[in-house]
file entry35.pdb (PDB, C-alpha atoms)
ATOM      1  CA  MET A 220     121.127  20.741   9.025
ATOM      2  CA  GLU A 221     124.653  21.815   9.924
ATOM      3  CA  THR A 222     127.471  19.286   9.920
ATOM      4  CA  SER A 223     130.663  19.609  11.926
ATOM      5  CA  LEU A 224     133.641  20.899   9.965
ATOM      6  CA  ARG A 225     136.558  18.496   9.786
ATOM      7  CA  THR A 226     139.628  20.261  11.197
ATOM      8  CA  PRO A 227     142.600  17.911  11.153
ATOM      9  CA  TRP A 228     146.159  18.202  12.307
ATOM     10  CA  ILE A 229     148.633  18.094   9.447
ATOM     11  CA  VAL A 230     151.525  15.769  10.219
ATOM     12  CA  GLY A 231     154.548  16.284   7.994
ATOM     13  CA  VAL A 232     157.268  13.640   7.988
ATOM     14  CA  SER A 233     160.575  14.792   6.515
ATOM     15  CA  GLY A 234     163.690  12.793   5.678
ATOM     16  CA  ALA A 235     165.522  13.067   9.002
ATOM     17  CA  SER A 236     166.139   9.952  11.042
ATOM     18  CA  GLY A 237     163.388   9.502  13.602
ATOM     19  CA  THR A 238     160.374   7.879  11.960
ATOM     20  CA  PRO A 239     159.468   6.226  15.309
ATOM     21  CA  TYR A 240     158.800   9.743  16.640
ATOM     22  CA  ALA A 241     156.345  10.368  13.811
ATOM     23  CA  ALA A 242     154.627   7.041  14.425
ATOM     24  CA  ALA A 243     154.211   7.803  18.129
ATOM     25  CA  VAL A 244     152.762  11.254  17.389
ATOM     26  CA  LEU A 245     150.337   9.786  14.871
ATOM     27  CA  ARG A 246     149.183   7.130  17.319
ATOM     28  CA  GLY A 247     148.743   9.807  19.987
ATOM     29  CA  LEU A 248     146.591  11.947  17.705
ATOM     30  CA  LEU A 249     144.431   8.995  16.709
ATOM     31  CA  ARG A 250     143.966   7.916  20.326
ATOM     32  CA  ALA A 251     142.857  11.459  21.155
ATOM     33  CA  GLY A 252     140.216  11.251  18.429
ATOM     34  CA  GLU A 253     141.932  13.810  16.213
ATOM     35  CA  ALA A 254     141.625  13.846  12.425
ATOM     36  CA  VAL A 255     144.955  13.705  10.599
ATOM     37  CA  ASP A 256     146.207  14.882   7.217
ATOM     38  CA  LEU A 257     149.490  13.134   6.469
ATOM     39  CA  VAL A 258     152.308  14.351   4.203
ATOM     40  CA  VAL A 259     155.387  12.156   3.785
ATOM     41  CA  SER A 260     158.281  13.655   1.849
ATOM     42  CA  ARG A 261     160.175  11.696  -0.771
ATOM     43  CA  ALA A 262     163.254  11.606   1.440
ATOM     44  CA  ALA A 263     161.139  10.393   4.368
ATOM     45  CA  ARG A 264     160.042   7.362   2.368
ATOM     46  CA  LEU A 265     163.679   6.340   2.007
ATOM     47  CA  THR A 266     164.316   6.873   5.717
ATOM     48  CA  LEU A 267     161.185   4.936   6.626
ATOM     49  CA  LEU A 268     162.279   2.018   4.474
ATOM     50  CA  ASP A 269     165.752   2.109   6.026
ATOM     51  CA  GLU A 270     164.526   2.353   9.630
ATOM     52  CA  THR A 271     161.602  -0.086   9.442
ATOM     53  CA  GLY A 272     162.181  -2.246   6.386
ATOM     54  CA  HIS A 273     158.720  -1.324   5.135
ATOM     55  CA  PRO A 274     157.856   0.833   2.098
ATOM     56  CA  PHE A 275     155.373   3.689   1.988
ATOM     57  CA  ARG A 276     153.535   3.734  -1.338
ATOM     58  CA  ASP A 277     150.907   6.135  -2.648
ATOM     59  CA  ALA A 278     148.689   3.374  -4.002
ATOM     60  CA  HIS A 279     148.849   1.385  -0.762
ATOM     61  CA  TRP A 280     149.355   4.161   1.757
ATOM     62  CA  ARG A 281     146.629   3.039   4.166
ATOM     63  CA  ASP A 282     147.972  -0.509   4.474
ATOM     64  CA  ASP A 283     151.549   0.759   4.666
ATOM     65  CA  LEU A 284     150.608   3.307   7.326
ATOM     66  CA  ARG A 285     148.910   0.673   9.460
ATOM     67  CA  THR A 286     151.976  -1.578   9.206
ATOM     68  CA  TRP A 287     154.205   1.331  10.196
ATOM     69  CA  LEU A 288     152.094   2.382  13.178
ATOM     70  CA  THR A 289     151.856  -1.121  14.624
ATOM     71  CA  ARG A 290     155.673  -1.333  14.700
ATOM     72  CA  GLY A 291     157.439  -0.440  17.928
ATOM     73  CA  ALA A 292     160.659   1.521  18.268
ATOM     74  CA  ASP A 293     162.288  -1.780  19.205
ATOM     75  CA  GLY A 294     161.839  -2.887  15.603
ATOM     76  CA  LYS A 295     159.172  -5.483  16.323
ATOM     77  CA  ASP A 296     156.097  -5.596  14.099
ATOM     78  CA  GLY A 297     152.721  -5.883  15.808
ATOM     79  CA  HIS A 298     153.953  -4.048  18.909
ATOM     80  CA  PHE A 299     150.799  -1.870  18.906
ATOM     81  CA  ASP A 300     147.222  -2.882  18.145
ATOM     82  CA  LEU A 301     145.677  -0.870  15.340
ATOM     83  CA  GLU A 302     142.561  -1.733  13.374
ATOM     84  CA  PRO A 303     141.802  -0.424   9.860
ATOM     85  CA  ALA A 304     138.878   1.520  11.336
ATOM     86  CA  ASP A 305     141.337   3.481  13.485
ATOM     87  CA  LEU A 306     142.635   5.129  10.310
ATOM     88  CA  ALA A 307     139.196   6.127   9.049
ATOM     89  CA  ASP A 308     139.800   9.842   9.608
ATOM     90  CA  VAL A 309     143.295   9.971   8.111
ATOM     91  CA  ARG A 310     143.888  11.591   4.730
ATOM     92  CA  PHE A 311     147.114  11.203   2.815
ATOM     93  CA  TRP A 312     148.452  13.865   0.456
ATOM     94  CA  ALA A 313     151.375  13.192  -1.876
ATOM     95  CA  ALA A 314     154.335  15.484  -1.259
ATOM     96  CA  GLY A 315     154.339  16.580  -4.902
ATOM     97  CA  ASP A 316     150.661  17.563  -4.890
ATOM     98  CA  LEU A 317     150.810  21.343  -4.557
ATOM     99  CA  ALA A 318     147.107  21.535  -5.409
ATOM    100  CA  ALA A 319     146.252  19.580  -2.240
ATOM    101  CA  GLY A 320     144.001  20.980   0.442
ATOM    102  CA  PRO A 321     146.775  21.976   2.883
ATOM    103  CA  SER A 322     148.282  24.254   0.210
ATOM    104  CA  SER A 323     145.538  26.800   0.884
ATOM    105  CA  GLY A 324     144.870  28.888   3.944
ATOM    106  CA  SER A 325     141.137  28.396   3.409
ATOM    107  CA  TYR A 326     141.532  24.667   4.038
ATOM    108  CA  PRO A 327     140.481  24.212   7.680
ATOM    109  CA  VAL A 328     143.138  22.677   9.950
ATOM    110  CA  LYS A 329     144.121  23.052  13.592
ATOM    111  CA  GLY A 330     147.814  23.304  12.840
ATOM    112  CA  MET A 331     150.812  21.318  11.697
ATOM    113  CA  LEU A 332     153.381  19.059  13.338
ATOM    114  CA  ILE A 333     156.633  18.324  11.471
ATOM    115  CA  VAL A 334     158.077  15.158  13.007
ATOM    116  CA  PRO A 335     160.933  14.630  12.448
ATOM    117  CA  ALA A 336     162.161  17.843  10.829
ATOM    118  CA  SER A 337     165.394  17.636   8.858
ATOM    119  CA  THR A 338     167.690  20.640   8.560
ATOM    120  CA  ALA A 339     166.794  20.823   4.858
ATOM    121  CA  CYS A 340     163.115  21.009   5.790
ATOM    122  CA  VAL A 341     163.844  23.639   8.441
ATOM    123  CA  ALA A 342     165.710  25.745   5.869
ATOM    124  CA  GLY A 343     162.946  25.392   3.289
ATOM    125  CA  VAL A 344     160.236  26.491   5.709
ATOM    126  CA  ALA A 345     162.321  29.332   7.185
ATOM    127  CA  LEU A 346     163.096  30.679   3.702
ATOM    128  CA  GLY A 347     159.562  30.146   2.409
ATOM    129  CA  LEU A 348     160.715  27.958  -0.499
ATOM    130  CA  SER A 349     157.542  25.807  -0.686
ATOM    131  CA  LYS A 350     159.384  23.302  -2.866
ATOM    132  CA  ASP A 351     156.911  20.542  -1.915
ATOM    133  CA  LEU A 352     153.592  20.163  -0.100
ATOM    134  CA  LEU A 353     155.252  19.722   3.285
ATOM    135  CA  GLN A 354     157.042  23.057   3.050
ATOM    136  CA  ARG A 355     154.039  24.790   1.481
ATOM    137  CA  ALA A 356     151.680  23.545   4.206
ATOM    138  CA  ALA A 357     154.106  24.787   6.875
ATOM    139  CA  SER A 358     154.305  28.214   5.233
ATOM    140  CA  VAL A 359     150.504  28.375   5.108
ATOM    141  CA  THR A 360     150.328  27.375   8.772
ATOM    142  CA  LEU A 361     152.610  30.261   9.702
ATOM    143  CA  LYS A 362     150.820  32.875   7.600
ATOM    144  CA  GLU A 363     147.467  31.823   9.037
ATOM    145  CA  ARG A 364     148.894  32.106  12.573
ATOM    146  CA  ARG A 365     148.130  28.478  13.358
ATOM    147  CA  THR A 366     150.173  26.180  15.582
ATOM    148  CA  LEU A 367     153.335  24.897  13.915
ATOM    149  CA  VAL A 368     155.572  22.508  15.849
ATOM    150  CA  VAL A 369     158.962  21.721  14.319
ATOM    151  CA  ALA A 370     160.609  18.693  15.939
ATOM    152  CA  VAL A 371     164.116  19.134  14.579
ATOM    153  CA  ARG A 372     166.196  15.955  14.669
ATOM    154  CA  GLU A 373     169.833  16.697  13.930
ATOM    155  CA  THR A 374     173.079  17.048  15.850
ATOM    156  CA  PRO A 375     175.277  19.009  15.952
ATOM    157  CA  LEU A 376     173.576  22.106  14.563
ATOM    158  CA  ASN A 377     175.573  24.563  12.488
ATOM    159  CA  GLY A 378     175.159  28.311  12.595
ATOM    160  CA  GLN A 379     173.004  28.517   9.491
ATOM    161  CA  THR A 380     170.492  26.005  10.843
ATOM    162  CA  LEU A 381     170.420  27.840  14.177
ATOM    163  CA  LYS A 382     169.567  31.047  12.297
ATOM    164  CA  HIS A 383     166.778  29.237  10.457
ATOM    165  CA  LEU A 384     165.393  27.943  13.757
ATOM    166  CA  VAL A 385     165.428  31.459  15.214
ATOM    167  CA  THR A 386     163.566  32.657  12.118
ATOM    168  CA  LEU A 387     160.907  29.993  12.689
ATOM    169  CA  ASP A 388     160.641  30.905  16.365
ATOM    170  CA  GLU A 389     160.203  34.571  15.496
ATOM    171  CA  ALA A 390     157.530  33.619  12.959
ATOM    172  CA  GLY A 391     155.542  31.902  15.701
ATOM    173  CA  ALA A 392     156.584  28.261  15.361
ATOM    174  CA  VAL A 393     157.422  26.051  18.315
ATOM    175  CA  VAL A 394     160.959  24.740  17.820
ATOM    176  CA  LEU A 395     161.075  21.417  19.652
ATOM    177  CA  PRO A 396     164.351  19.448  19.425
ATOM    178  CA  ALA A 397     163.820  15.693  19.580
ATOM    179  CA  SER A 398     165.540  15.412  22.958
ATOM    180  CA  PRO A 399     164.378  12.533  25.177
ATOM    181  CA  ALA A 400     164.388  12.984  28.966
ATOM    182  CA  PHE A 401     165.270  10.359  31.525
ATOM    183  CA  TYR A 402     163.418  11.574  34.651
ATOM    184  CA  ALA A 403     160.201   9.900  33.511
ATOM    185  CA  GLY A 404     161.567   6.464  34.373
ATOM    186  CA  ALA A 405     162.286   5.231  30.847
ATOM    187  CA  ARG A 406     163.160   1.544  30.692
ATOM    188  CA  HIS A 407     162.782   0.892  26.988
ATOM    189  CA  ILE A 408     163.569   2.745  23.786
ATOM    190  CA  GLN A 409     159.825   3.200  23.195
ATOM    191  CA  ASP A 410     159.600   5.171  26.461
ATOM    192  CA  LEU A 411     162.186   7.662  25.158
ATOM    193  CA  VAL A 412     160.392   7.946  21.820
ATOM    194  CA  ASP A 413     157.058   8.456  23.558
ATOM    195  CA  PHE A 414     158.490  11.241  25.705
ATOM    196  CA  VAL A 415     159.428  13.265  22.625
ATOM    197  CA  ALA A 416     156.106  12.494  20.963
ATOM    198  CA  GLY A 417     154.305  13.543  24.126
ATOM    199  CA  ARG A 418     156.121  16.866  24.200
ATOM    200  CA  VAL A 419     155.079  17.462  20.589
ATOM    201  CA  LEU A 420     151.455  16.778  21.531
ATOM    202  CA  ASP A 421     151.822  19.024  24.594
ATOM    203  CA  ALA A 422     152.864  21.881  22.298
ATOM    204  CA  ALA A 423     149.732  21.229  20.256
ATOM    205  CA  ALA A 424     147.533  21.022  23.397
ATOM    206  CA  VAL A 425     146.468  17.478  22.502
ATOM    207  CA  PRO A 426     145.805  15.317  25.583
ATOM    208  CA  HIS A 427     147.772  12.090  25.924
ATOM    209  CA  GLN A 428     149.315   9.672  28.408
ATOM    210  CA  LEU A 429     152.572   8.978  26.631
ATOM    211  CA  TYR A 430     154.900   9.748  29.519
ATOM    212  CA  ARG A 431     154.953  10.304  33.279
ATOM    213  CA  ARG A 432     154.934  14.013  34.046
ATOM    214  CA  TRP A 433     157.208  15.688  36.553
ATOM    215  CA  GLU A 434     155.208  16.608  39.644
ATOM    216  CA  GLY A 435     157.996  18.049  41.785
ATOM    217  CA  GLU A 436     159.455  16.837  45.042
ATOM    218  CA  LEU A 437     158.423  18.262  48.386
ATOM    219  CA  GLY A 438     161.346  18.812  50.730
ATOM    220  CA  SER A 439     161.156  19.430  54.432
ATOM    221  CA  ALA A 440     160.539  23.126  53.847
ATOM    222  CA  GLY A 441     157.523  22.362  51.692
ATOM    223  CA  SER A 442     155.857  19.799  53.947
ATOM    224  CA  SER A 443     153.443  20.693  56.706
TER     225      SER A 443
END
call {"tool": "encode", "arguments": {"input": "entry35.pdb", "output": "structure tokens"}}
result
Amino acid sequence: METSLRTPWIVGVSGASGTPYAAAVLRGLLRAGEAVDLVVSRAARLTLLDETGHPFRDAHWRDDLRTWLTRGADGKDGHFDLEPADLADVRFWAAGDLAAGPSSGSYPVKGMLIVPASTACVAGVALGLSKDLLQRAASVTLKERRTLVVAVRETPLNGQTLKHLVTLDEAGAVVLPASPAFYAGARHIQDLVDFVAGRVLDAAAVPHQLYRRWEGELGSAGSS
């Protein structure tokens, strides 16, 4: 009897500011019924602690992840409802584990989302350094011609980083700056975070309802 093959999305969280973006993307994937393989860099753990006040520990990753994902961008814990069962199809891989599944192209995944992507992470992926699992998984995603979305979160960008982003674009990645929009009627910081997260999910063709889409405005010339 055949069983369905688990094909997750890899979510890589680097050390750039913007952990609320990662949380929103993760919640969106889980709501869409997607399996997730999570990689959190060492620098990202420090950023997560700084931005949320909560640690992310290997031995307690599932509890720490649930605490993180229930926190809103407004800094309030318990902003979102999330049960332990909601994380049943999430796997966590330590950033230093280069023998992990995502290190190999034969490991089945749909693609990878790096949210947020620091300039150091961008450089490492563009140059093929594979210094940790996050960079290695991204390199594998590119060589296997799978979807790679790089949500770079830095400003301003220097010339070297711009060259690295062009290299990623030419290699087939989607370069998606974490740039919120205001036409969707944002009233709270979470709305701006969700817009960016929604655009990341759009690039991965994952359905969601994180923001109000632009539908156009009919002028007198377009009305009948």
call {"tool": "closest_residue", "arguments": {"input": "entry35.pdb", "among": "A:Gly247, A:Val369, A:Ser233, A:Ala400", "to": "Val425 (chain A)", "atoms": "all atoms listed in the file"}}
result
A:Gly247
call {"tool": "closest_residue", "arguments": {"input": "entry35.pdb", "among": "A:Ala392, A:Leu376, A:Leu249, A:Leu381", "to": "Ala357 (chain A)", "atoms": "all atoms listed in the file"}}
result
A:Ala392
call {"tool": "closest_residue", "arguments": {"input": "entry35.pdb", "among": "A:Asp277, A:Asp388, A:Asp305, A:Glu373", "to": "Arg246 (chain A)", "atoms": "only C-alpha atoms"}}
result
A:Asp305
call {"tool": "atom_distance", "arguments": {"input": "entry35.pdb", "atom1": "CA of Leu348 (chain A)", "atom2": "CA of Phe275 (chain A)"}}
result
25.0 Å
call {"tool": "resolve_selection", "arguments": {"input": "entry35.pdb", "expression": "the PyMOL selection byres ((chain A and resi 323) around 10)", "output": "ChimeraX atom specification"}}
result
/A:317-322,324-327,355-356,358-360,363
call {"tool": "residues_around", "arguments": {"input": "entry35.pdb", "residues": "region 255-270 of chain A", "least_positions_apart": "2", "cutoff": "10 Å", "atoms": "all atoms listed in the file", "output": "MDAnalysis selection string"}}
result
chainID A and resid 225:239 245 248:249 252:253 272:277 284 287 292 294 306:316 320:321 328:329 331:333 335:337 340 351:354 356
call {"tool": "resolve_selection", "arguments": {"input": "entry35.pdb", "expression": "the PyMOL selection byres ((chain A and resi 383) around 12)", "output": "list of chain:residue names"}}
result
A:Ser337, A:Thr338, A:Ala339, A:Cys340, A:Val341, A:Ala342, A:Gly343, A:Val344, A:Ala345, A:Leu346, A:Gly347, A:Val369, A:Val371, A:Leu376, A:Asn377, A:Gly378, A:Gln379, A:Thr380, A:Leu381, A:Lys382, A:Leu384, A:Val385, A:Thr386, A:Leu387, A:Asp388, A:Glu389, A:Ala390, A:Ala392, A:Val394
call {"tool": "atom_distance", "arguments": {"input": "entry35.pdb", "atom1": "CA of Arg281 (chain A)", "atom2": "CA of Asp413 (chain A)"}}
result
22.7 Å
call {"tool": "resolve_selection", "arguments": {"input": "entry35.pdb", "expression": "the PyMOL selection byres ((chain A and resi 432) around 12)", "output": "JSON, numbers by chain"}}
result
{"A": [400, 401, 402, 403, 404, 405, 414, 417, 418, 421, 427, 428, 429, 430, 431, 433, 434, 435]}
call {"tool": "closest_residue", "arguments": {"input": "entry35.pdb", "among": "A:Asp300, A:Glu436, A:Asp293, A:Asp282", "to": "Arg406 (chain A)", "atoms": "all atoms listed in the file"}}
result
A:Asp293
call {"tool": "closest_residue", "arguments": {"input": "entry35.pdb", "among": "A:Gly330, A:Pro303, A:Gly297, A:Pro375", "to": "Lys362 (chain A)", "atoms": "all atoms listed in the file"}}
result
A:Gly330
call {"tool": "residues_around", "arguments": {"input": "entry35.pdb", "residues": "Ala423 (chain A)", "least_positions_apart": "3", "cutoff": "8 Å", "atoms": "only C-alpha atoms", "output": "VMD selection string"}}
result
chain A and resid 330 366 368 419 to 420
call {"tool": "atom_distance", "arguments": {"input": "entry35.pdb", "atom1": "CA of Ala397 (chain A)", "atom2": "CA of Leu411 (chain A)"}}
result
9.9 Å
call {"tool": "closest_residue", "arguments": {"input": "entry35.pdb", "among": "A:Ala278, A:Ala254, A:Ala424, A:Ala242", "to": "Leu301 (chain A)", "atoms": "all atoms listed in the file"}}
result
A:Ala242
call {"tool": "axis_aligned_box", "arguments": {"input": "entry35.pdb", "around": "region 260-275 of chain A", "padding_each_side": "3 Å", "output": "JSON"}}
result
{"center_x": 160.6, "center_y": 5.7, "center_z": 4.4, "size_x": 16.4, "size_y": 21.9, "size_z": 16.4}
call {"tool": "residues_near_point", "arguments": {"input": "entry35.pdb", "point": "(156.3, 0.8, 12.3)", "cutoff": "7 Å", "atoms": "all atoms listed in the file", "output": "ChimeraX atom specification"}}
result
/A:239,242,271,286-291,296
